[in-house]
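A.B. asks: Take a look at the following structure, please.
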Amino acid sequence: PRWFYYLGDALQNLGRHEEAIGAYRACWALDGWDEESAWAMYRAAECHIALGDNRAAIVACADGLIRHPGIAELPWMAGFAAWGMGDHRKAVAWARMSAALGCYEGVGDDAPRIGFTNPRARYEGPYDILRFALSALGDARGAAEAEQEFEDARALRLARGGAS
């Protein structure tokens, strides 16, 4: 599985997104280390979004959650993809799942992780989606609350030494 993960990484970095997706899928299908397998689907979702296929990105994120249901970045990416499709209700649902798994108000610090991570997605990312999706749905109060949560989660990430 590891070889396929890093093949996908190299292909993605070369802009060969379709081939990268195939390699990431091979990593996932071999069902090795759960964190790497889930992260392969996160990276596949990035490739799908780069190719303009947000629906496939959501499927990749859901597949990643099959391998490791504690990766907050997966529902965050699915929420981002749903928002990109204009499906704001689903974007809100995915963002709320991500927040529950994240490190600001969620259980993210309890999930054993040793490798792959996107700190912004684990902290303020869900609230970034919420502030825009809720606004698009006409929920000004919810969007304002999400804006404050975004700022507070970002501050916490930075205080904990997360990249700026």
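Simple scheme: letters A, B, ... for chains in structure tokens order, numbers from 1 for residues in each chain, numbers from 1 for ligands in the order shown.
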Just the residues within 12 Å of stretch 59-66 of chain A, please, counting only C-alpha atoms, with nothing from its chain fewer than 4 positions along; format it as a PyMOL selection string.
C.D. replies: chain A and resi 21-22+24-25+27-29+31+33-49+53-55+70-82+94+97-98+101
A.B. asks: Name the residues in contact with A:Glu149 at a cut-off of 9 Å, using only C-alpha atoms, excluding same-chain residues fewer than 6 positions from it; report them as a list in words.
C.D. replies: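 Once the nearby chain positions are removed, what remains is Tyr104, Glu124, Tyr127 and Asp128 of chain A.
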A.B. asks: Write the residues of the selection above to a file with all heavy atoms, as a PDB file, in the first residue's frame.
C.D. replies:
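Ended up saving to again02.pdb:
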```pdb
ATOM      1  N   TYR A 104     -10.865  21.584  17.788  1.00  0.00           N
ATOM      2  CA  TYR A 104     -11.337  22.779  18.487  1.00  0.00           C
ATOM      3  C   TYR A 104     -12.427  22.417  19.493  1.00  0.00           C
ATOM      4  O   TYR A 104     -12.241  22.569  20.692  1.00  0.00           O
ATOM      5  CB  TYR A 104     -11.826  23.830  17.480  1.00  0.00           C
ATOM      6  CG  TYR A 104     -12.452  25.032  18.125  1.00  0.00           C
ATOM      7  CD1 TYR A 104     -11.730  25.830  19.007  1.00  0.00           C
ATOM      8  CD2 TYR A 104     -13.769  25.363  17.877  1.00  0.00           C
ATOM      9  CE1 TYR A 104     -12.310  26.933  19.616  1.00  0.00           C
ATOM     10  CE2 TYR A 104     -14.355  26.465  18.469  1.00  0.00           C
ATOM     11  CZ  TYR A 104     -13.631  27.243  19.343  1.00  0.00           C
ATOM     12  OH  TYR A 104     -14.213  28.326  19.949  1.00  0.00           O
ATOM     13  N   GLU A 124      -9.953  25.350  12.233  1.00  0.00           N
ATOM     14  CA  GLU A 124     -10.921  26.336  11.737  1.00  0.00           C
ATOM     15  C   GLU A 124     -11.627  25.942  10.441  1.00  0.00           C
ATOM     16  O   GLU A 124     -12.638  26.547  10.074  1.00  0.00           O
ATOM     17  CB  GLU A 124     -10.260  27.708  11.571  1.00  0.00           C
ATOM     18  CG  GLU A 124      -9.264  27.826  10.428  1.00  0.00           C
ATOM     19  CD  GLU A 124      -7.823  27.585  10.826  1.00  0.00           C
ATOM     20  OE1 GLU A 124      -7.575  26.908  11.858  1.00  0.00           O
ATOM     21  OE2 GLU A 124      -6.941  28.064  10.108  1.00  0.00           O
ATOM     22  N   TYR A 127     -15.513  25.539  10.286  1.00  0.00           N
ATOM     23  CA  TYR A 127     -16.217  26.794  10.527  1.00  0.00           C
ATOM     24  C   TYR A 127     -16.098  27.727   9.327  1.00  0.00           C
ATOM     25  O   TYR A 127     -16.987  28.554   9.087  1.00  0.00           O
ATOM     26  CB  TYR A 127     -15.705  27.448  11.812  1.00  0.00           C
ATOM     27  CG  TYR A 127     -15.770  26.467  12.950  1.00  0.00           C
ATOM     28  CD1 TYR A 127     -14.630  25.795  13.384  1.00  0.00           C
ATOM     29  CD2 TYR A 127     -16.993  26.141  13.535  1.00  0.00           C
ATOM     30  CE1 TYR A 127     -14.696  24.841  14.385  1.00  0.00           C
ATOM     31  CE2 TYR A 127     -17.067  25.191  14.540  1.00  0.00           C
ATOM     32  CZ  TYR A 127     -15.911  24.545  14.951  1.00  0.00           C
ATOM     33  OH  TYR A 127     -15.988  23.591  15.940  1.00  0.00           O
ATOM     34  N   ASP A 128     -15.026  27.566   8.559  1.00  0.00           N
ATOM     35  CA  ASP A 128     -14.877  28.319   7.321  1.00  0.00           C
ATOM     36  C   ASP A 128     -15.990  27.929   6.353  1.00  0.00           C
ATOM     37  O   ASP A 128     -16.651  28.783   5.764  1.00  0.00           O
ATOM     38  CB  ASP A 128     -13.500  28.025   6.715  1.00  0.00           C
ATOM     39  CG  ASP A 128     -13.099  29.011   5.649  1.00  0.00           C
ATOM     40  OD1 ASP A 128     -13.613  30.151   5.642  1.00  0.00           O
ATOM     41  OD2 ASP A 128     -12.248  28.646   4.812  1.00  0.00           O
TER      42      ASP A 128
END
```
A.B. asks: Can you pull out the residues contacting A:Asn118? Cut-off 10 Å, using only C-alpha atoms, and skip same-chain residues under 2 positions away; I want them as an MDAnalysis selection string.
C.D. replies: chainID A and resid 71:73 116 120:123 125 162:163
A.B. asks: Within 10 Å of A:Ala146, counting only C-alpha atoms, which residues show up once you throw out same-chain ones fewer than 3 positions away? Write them as a compact mmCIF listing (two decimals) with N, CA and C atoms, in the first residue's frame, please.
C.D. replies:
```
# COMPACT_ATOMS: atom_id res chain seq x y z
N GLU A 124 -9.95 25.35 12.23
CA GLU A 124 -10.92 26.34 11.74
C GLU A 124 -11.63 25.94 10.44
N PRO A 126 -13.75 23.55 9.37
CA PRO A 126 -15.21 23.33 9.35
C PRO A 126 -16.01 24.62 9.49
N TYR A 127 -15.51 25.54 10.29
CA TYR A 127 -16.22 26.79 10.53
C TYR A 127 -16.10 27.73 9.33
N ASP A 128 -15.03 27.57 8.56
CA ASP A 128 -14.88 28.32 7.32
C ASP A 128 -15.99 27.93 6.35
N ILE A 129 -16.22 26.63 6.22
CA ILE A 129 -17.31 26.16 5.37
C ILE A 129 -18.66 26.61 5.93
N LEU A 130 -18.84 26.47 7.23
CA LEU A 130 -20.12 26.83 7.85
C LEU A 130 -20.45 28.31 7.65
N ARG A 131 -19.48 29.18 7.80
CA ARG A 131 -19.79 30.61 7.70
C ARG A 131 -20.29 30.98 6.31
N PHE A 132 -19.77 30.33 5.28
CA PHE A 132 -20.22 30.63 3.93
C PHE A 132 -21.47 29.86 3.55
N ALA A 133 -21.55 28.59 3.92
CA ALA A 133 -22.72 27.79 3.56
C ALA A 133 -23.97 28.27 4.30
N LEU A 134 -23.84 28.57 5.58
CA LEU A 134 -24.99 29.07 6.33
C LEU A 134 -25.45 30.43 5.79
N SER A 135 -24.51 31.26 5.42
CA SER A 135 -24.86 32.55 4.82
C SER A 135 -25.63 32.34 3.52
N ALA A 140 -28.15 34.08 8.77
CA ALA A 140 -27.17 35.11 9.12
C ALA A 140 -26.62 34.91 10.54
N ARG A 141 -27.49 34.53 11.47
CA ARG A 141 -27.05 34.30 12.85
C ARG A 141 -26.07 33.13 12.92
N GLY A 142 -26.42 32.03 12.27
CA GLY A 142 -25.53 30.87 12.25
C GLY A 142 -24.20 31.19 11.58
N ALA A 143 -24.26 31.96 10.50
CA ALA A 143 -23.03 32.34 9.80
C ALA A 143 -22.15 33.22 10.70
N GLU A 149 -16.49 31.24 15.64
CA GLU A 149 -15.85 29.94 15.88
C GLU A 149 -14.61 29.78 14.99
N PHE A 150 -14.70 30.25 13.76
CA PHE A 150 -13.55 30.21 12.85
C PHE A 150 -12.37 30.96 13.46
N GLU A 151 -12.62 32.16 13.94
CA GLU A 151 -11.54 32.98 14.54
C GLU A 151 -11.00 32.33 15.80
N ASP A 152 -11.87 31.81 16.65
CA ASP A 152 -11.43 31.18 17.90
C ASP A 152 -10.65 29.89 17.63
```
A.B. asks: Looking only at the backbone, which of the residues in stretch 81-114 of chain A does DSSP tag as helix (DSSP H, G or I), as a PyMOL selection string?
C.D. replies: chain A and resi 81-84+88-101
